[in-house]
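Source file: coords.cif; contents: mmCIF, C-alpha atoms.
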```
data_query
loop_
_atom_site.group_PDB
_atom_site.id
_atom_site.type_symbol
_atom_site.label_atom_id
_atom_site.label_comp_id
_atom_site.auth_asym_id
_atom_site.auth_seq_id
_atom_site.Cartn_x
_atom_site.Cartn_y
_atom_site.Cartn_z
ATOM 1 C CA MET O 7 -51.150 55.443 -8.060
ATOM 2 C CA ALA O 8 -50.580 58.002 -5.278
ATOM 3 C CA ASP O 9 -46.834 57.219 -5.313
ATOM 4 C CA ARG O 10 -46.614 58.052 -9.020
ATOM 5 C CA ASP O 11 -48.692 61.214 -8.602
ATOM 6 C CA ASP O 12 -46.649 62.382 -5.602
ATOM 7 C CA PHE O 13 -43.383 61.648 -7.402
ATOM 8 C CA LEU O 14 -44.506 63.507 -10.524
ATOM 9 C CA ALA O 15 -45.550 66.513 -8.436
ATOM 10 C CA TRP O 16 -42.080 66.510 -6.805
ATOM 11 C CA VAL O 17 -40.381 66.338 -10.239
ATOM 12 C CA ARG O 18 -42.469 69.244 -11.535
ATOM 13 C CA THR O 19 -41.826 71.447 -8.503
ATOM 14 C CA ALA O 20 -38.792 70.769 -6.283
ATOM 15 C CA LEU O 21 -36.654 69.092 -8.939
ATOM 16 C CA TYR O 22 -37.575 71.636 -11.624
ATOM 17 C CA GLU O 23 -36.847 74.565 -9.283
ATOM 18 C CA ALA O 24 -33.486 73.067 -8.269
ATOM 19 C CA GLU O 25 -32.413 72.620 -11.883
ATOM 20 C CA ARG O 26 -33.471 76.137 -12.828
ATOM 21 C CA ALA O 27 -31.574 77.540 -9.821
ATOM 22 C CA MET O 28 -28.474 75.559 -10.818
ATOM 23 C CA HIS O 29 -28.611 77.127 -14.284
ATOM 24 C CA ASN O 30 -28.605 80.510 -12.514
ATOM 25 C CA GLY O 31 -25.463 79.566 -10.574
ATOM 26 C CA ASP O 32 -27.160 78.475 -7.320
ATOM 27 C CA VAL O 33 -26.376 74.796 -6.751
ATOM 28 C CA ALA O 34 -27.643 74.626 -3.144
ATOM 29 C CA PRO O 35 -31.156 73.435 -4.099
ATOM 30 C CA ARG O 36 -29.704 70.756 -6.399
ATOM 31 C CA ARG O 37 -27.295 69.560 -3.695
ATOM 32 C CA ALA O 38 -30.205 69.330 -1.252
ATOM 33 C CA LEU O 39 -32.089 66.939 -3.551
ATOM 34 C CA TRP O 40 -29.214 64.546 -4.157
ATOM 35 C CA SER O 41 -28.705 61.433 -2.064
ATOM 36 C CA ARG O 42 -26.336 61.586 0.847
ATOM 37 C CA ASP O 43 -25.838 57.820 0.569
ATOM 38 C CA GLU O 44 -23.492 55.954 -1.728
ATOM 39 C CA PRO O 45 -23.566 55.088 -4.503
ATOM 40 C CA VAL O 46 -24.207 58.370 -6.333
ATOM 41 C CA SER O 47 -23.011 59.116 -9.837
ATOM 42 C CA VAL O 48 -23.208 61.454 -12.781
ATOM 43 C CA MET O 49 -22.379 60.569 -16.345
ATOM 44 C CA GLY O 50 -22.618 64.133 -17.527
ATOM 45 C CA ALA O 51 -22.649 65.991 -20.780
ATOM 46 C CA TRP O 52 -19.396 67.725 -19.694
ATOM 47 C CA ARG O 53 -17.999 65.670 -16.842
ATOM 48 C CA ASP O 54 -18.559 62.476 -14.871
ATOM 49 C CA ALA O 55 -18.584 62.134 -11.086
ATOM 50 C CA HIS O 56 -18.668 59.065 -8.851
ATOM 51 C CA GLY O 57 -19.186 59.358 -5.096
ATOM 52 C CA ARG O 58 -20.141 62.290 -2.872
ATOM 53 C CA ARG O 59 -16.743 64.038 -3.020
ATOM 54 C CA GLU O 60 -16.626 64.110 -6.829
ATOM 55 C CA LEU O 61 -20.303 65.041 -6.956
ATOM 56 C CA ASP O 62 -19.747 68.031 -4.650
ATOM 57 C CA GLU O 63 -16.787 69.148 -6.810
ATOM 58 C CA LEU O 64 -18.922 68.856 -9.944
ATOM 59 C CA PHE O 65 -21.769 70.890 -8.443
ATOM 60 C CA THR O 66 -19.327 73.606 -7.338
ATOM 61 C CA THR O 67 -17.931 73.795 -10.882
ATOM 62 C CA LEU O 68 -21.411 73.972 -12.412
ATOM 63 C CA GLY O 69 -22.387 76.788 -10.052
ATOM 64 C CA GLU O 70 -19.327 78.748 -11.125
ATOM 65 C CA ARG O 71 -19.987 78.229 -14.845
ATOM 66 C CA PHE O 72 -23.755 78.840 -15.136
ATOM 67 C CA SER O 73 -25.665 82.121 -14.839
ATOM 68 C CA ASP O 74 -28.522 84.127 -16.320
ATOM 69 C CA CYS O 75 -30.929 81.292 -17.081
ATOM 70 C CA THR O 76 -33.627 82.714 -19.334
ATOM 71 C CA SER O 77 -35.380 79.406 -19.993
ATOM 72 C CA TYR O 78 -35.351 75.876 -18.610
ATOM 73 C CA VAL O 79 -37.940 73.343 -19.769
ATOM 74 C CA PHE O 80 -37.905 69.671 -18.779
ATOM 75 C CA GLU O 81 -39.818 67.722 -21.407
ATOM 76 C CA LEU O 82 -40.640 64.562 -19.480
ATOM 77 C CA ARG O 83 -40.808 61.565 -21.828
ATOM 78 C CA ALA O 84 -41.246 58.698 -19.356
ATOM 79 C CA TYR O 85 -41.169 58.007 -15.634
ATOM 80 C CA ASP O 86 -42.112 55.325 -13.171
ATOM 81 C CA VAL O 87 -42.024 54.500 -9.484
ATOM 82 C CA SER O 88 -41.443 51.050 -8.025
ATOM 83 C CA GLY O 89 -41.335 50.978 -4.253
ATOM 84 C CA ASP O 90 -38.508 53.227 -3.105
ATOM 85 C CA MET O 91 -36.990 53.601 -6.587
ATOM 86 C CA ALA O 92 -38.024 55.798 -9.501
ATOM 87 C CA TYR O 93 -36.691 57.139 -12.782
ATOM 88 C CA THR O 94 -37.288 59.933 -15.260
ATOM 89 C CA THR O 95 -36.199 60.343 -18.833
ATOM 90 C CA GLY O 96 -36.688 63.376 -20.991
ATOM 91 C CA LEU O 97 -35.241 66.369 -22.771
ATOM 92 C CA GLU O 98 -33.876 69.417 -20.997
ATOM 93 C CA HIS O 99 -34.146 72.561 -23.121
ATOM 94 C CA THR O 100 -31.969 75.306 -21.629
ATOM 95 C CA SER O 101 -31.010 78.892 -22.409
ATOM 96 C CA ALA O 102 -28.406 80.217 -19.975
ATOM 97 C CA SER O 103 -24.976 81.740 -19.891
ATOM 98 C CA VAL O 104 -22.064 79.334 -19.602
ATOM 99 C CA ASP O 105 -18.787 80.978 -18.650
ATOM 100 C CA GLY O 106 -20.457 84.312 -19.416
ATOM 101 C CA GLU O 107 -21.528 83.359 -22.947
ATOM 102 C CA PRO O 108 -25.247 82.915 -23.768
ATOM 103 C CA ARG O 109 -26.040 79.391 -24.956
ATOM 104 C CA THR O 110 -29.107 77.429 -25.920
ATOM 105 C CA TYR O 111 -28.952 73.640 -25.973
ATOM 106 C CA THR O 112 -30.907 70.453 -25.372
ATOM 107 C CA LEU O 113 -29.767 67.484 -23.304
ATOM 108 C CA ARG O 114 -31.206 63.990 -23.173
ATOM 109 C CA ALA O 115 -31.373 63.210 -19.466
ATOM 110 C CA THR O 116 -32.139 60.076 -17.492
ATOM 111 C CA GLN O 117 -32.160 60.154 -13.704
ATOM 112 C CA VAL O 118 -32.593 57.468 -11.061
ATOM 113 C CA TYR O 119 -34.081 58.299 -7.668
ATOM 114 C CA ARG O 120 -34.427 56.524 -4.354
ATOM 115 C CA ARG O 121 -36.644 57.356 -1.430
ATOM 116 C CA GLU O 122 -34.621 58.065 1.705
ATOM 117 C CA GLY O 123 -36.360 58.891 4.948
ATOM 118 C CA GLY O 124 -39.606 59.386 3.056
ATOM 119 C CA GLU O 125 -38.080 61.941 0.624
ATOM 120 C CA TRP O 126 -37.066 61.481 -3.007
ATOM 121 C CA ARG O 127 -33.343 61.902 -3.677
ATOM 122 C CA VAL O 128 -31.418 61.768 -6.946
ATOM 123 C CA ALA O 129 -28.915 58.879 -7.005
ATOM 124 C CA HIS O 130 -27.767 58.883 -10.641
ATOM 125 C CA ARG O 131 -27.867 61.160 -13.662
ATOM 126 C CA HIS O 132 -26.879 60.511 -17.246
ATOM 127 C CA ALA O 133 -27.134 63.328 -19.776
ATOM 128 C CA ASP O 134 -25.764 63.999 -23.205
ATOM 129 C CA ARG O 135 -26.200 66.676 -25.814
ATOM 130 C CA VAL O 136 -28.790 66.186 -28.535
ATOM 131 C CA THR O 137 -27.120 66.595 -31.888
ATOM 132 C CA GLU O 138 -28.842 67.283 -35.168
#
```

For the file at hand, write its structure as structure tokens.
Amino acid sequence: MADRDDFLAWVRTALYEAERAMHNGDVAPRRALWSRDEPVSVMGAWRDAHGRRELDELFTTLGERFSDCTSYVFELRAYDVSGDMAYTTGLEHTSASVDGEPRTYTLRATQVYRREGGEWRVAHRHADRVTE
């Protein structure tokens, strides 16, 4: 049970803080939490990326597009840990400026994590916009 508790604490602190920073245009904390090992991938609401090079390009683009985050809430729906692998699924409710325009939206997001050197790292993300 300690693995699940430790993972959940990491999600609620380090991961949350990195995502909020990214929505303010600072992608460094998000980059730091992503795996340095292949494979890594994003099937994103705006753009996909496969491999470290594409992932770095995507993060740079996101940092240039996002700013002024006034609210970021991760509504965790489910998660689990099995050995050195884990996942989360939930809703991301965000209010931030995108390309200078204020926006509010919700994404469904599923992420896969692996433990590397004793630390959790994101290996895959899939997110899409919730539509009414």

Practice problem: Name every residue that the PyMOL selection byres ((chain O and resi 129) around 10) selects in this structure, writing the answer as number ranges by chain with chains first and numbers rising. | Solution: O: 39-48, 57, 91-93, 117-121, 126-128, 130-131

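Proximity to Gly31 of chain O was assessed for O:Asp74, O:Asp9, O:Glu63, O:Glu81 counting only C-alpha atoms; the smallest distance is recorded for O:Asp74.
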
Self-check item: Residue nearest Ser101 of chain O - candidates O:Ala55, O:Cys75, O:Ala38, O:Val87, atoms counted: all atoms listed in the file
Solution: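 Going through O:Ala55, O:Cys75, O:Ala38, O:Val87 one by one, the smallest distance to Ser101 of chain O is for O:Cys75.
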
Self-check item: Point-to-point distance from atom CA of Thr76 of chain O to atom CA of Glu25 of chain O, Å rounded to tenths
Solution: 12.6 Å

Exercise. Determine the residue membership of the PyMOL selection byres ((chain O and resi 65) around 9) for the file above and supply it as a list in words.
Key: Met28, Val33, Ala34, Arg36, Arg37, Glu60, Leu61, Asp62, Glu63, Leu64, Thr66, Thr67, Leu68, Gly69 and Glu70 of chain O

Include C-alpha atoms and write out the residues we just selected as a short mmCIF file (atom, residue, chain, number, x, y, z; two decimals), keeping the file's coordinate frame.
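Output (selection_15.cif):
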```
data_model
loop_
_atom_site.label_atom_id
_atom_site.label_comp_id
_atom_site.auth_asym_id
_atom_site.auth_seq_id
_atom_site.Cartn_x
_atom_site.Cartn_y
_atom_site.Cartn_z
CA MET O 28 -28.47 75.56 -10.82
CA VAL O 33 -26.38 74.80 -6.75
CA ALA O 34 -27.64 74.63 -3.14
CA ARG O 36 -29.70 70.76 -6.40
CA ARG O 37 -27.30 69.56 -3.70
CA GLU O 60 -16.63 64.11 -6.83
CA LEU O 61 -20.30 65.04 -6.96
CA ASP O 62 -19.75 68.03 -4.65
CA GLU O 63 -16.79 69.15 -6.81
CA LEU O 64 -18.92 68.86 -9.94
CA THR O 66 -19.33 73.61 -7.34
CA THR O 67 -17.93 73.80 -10.88
CA LEU O 68 -21.41 73.97 -12.41
CA GLY O 69 -22.39 76.79 -10.05
CA GLU O 70 -19.33 78.75 -11.12
#
```

Self-check item: Counting only C-alpha atoms, the residue of O:Thr137, O:Phe72, O:Asp32, O:Arg58 that sits nearest Val104 of chain O
Solution: O:Phe72

Quiz prompt | Contacts of Gly96 of chain O at 6 Å (all atoms listed in the file; same-chain gap of 3+ positions) as a list in words | solution =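 Contacts, in chain order: Glu81, Leu82, Arg83, Arg114 and Ala115 of chain O.
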
Self-check item: Å distance separating atom CA of Trp52 of chain O from atom CA of Arg71 of chain O, one decimal place
Solution: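 A separation of 11.6 Å between them.
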
Quiz prompt | Straight-line distance linking atom CA of Thr100 of chain O with atom CA of Tyr22 of chain O, stated in Å to one decimal | solution =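 Computed distance, atom CA of Thr100 of chain O to atom CA of Tyr22 of chain O, equals 12.0 Å.
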
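Against this structure, the PyMOL selection byres ((chain O and resi 99) around 6) ends up with Tyr78, Val79, Glu98, Thr100 and Thr112 of chain O.
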
Self-check item: Who sits within 7 Å of Gly50 of chain O, all atoms listed in the file, same chain under 3 positions skipped, as a PyMOL selection string
Solution: chain O and resi 53-54+132-134

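Closest to Thr116 of chain O among O:Val136, O:Leu21, O:Ala84, O:Leu14 is O:Ala84, based on all atoms listed in the file.
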
Quiz item: Around (-46.6, 62.3, -5.4) in the file's frame, which residues reach within 12 Å when counting only C-alpha atoms? Return as an NGL selection string?
Solution: :O and (7-20 or 86-87 or 92 or 121 or 124-126)

Practice problem: Kindly indicate which residue among O:Thr110, O:Thr94, O:Asn30, O:Ser88 lies nearest to Ser73 of chain O, using all atoms listed in the file for the distances. | Solution: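 Of the candidates, the smallest distance to Ser73 of chain O is held by O:Asn30.
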
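For the set O:Pro108, O:Ala51, O:His56, O:Arg26, the residue with the smallest atom-to-atom gap to Phe80 of chain O is O:Arg26, counting all atoms listed in the file.
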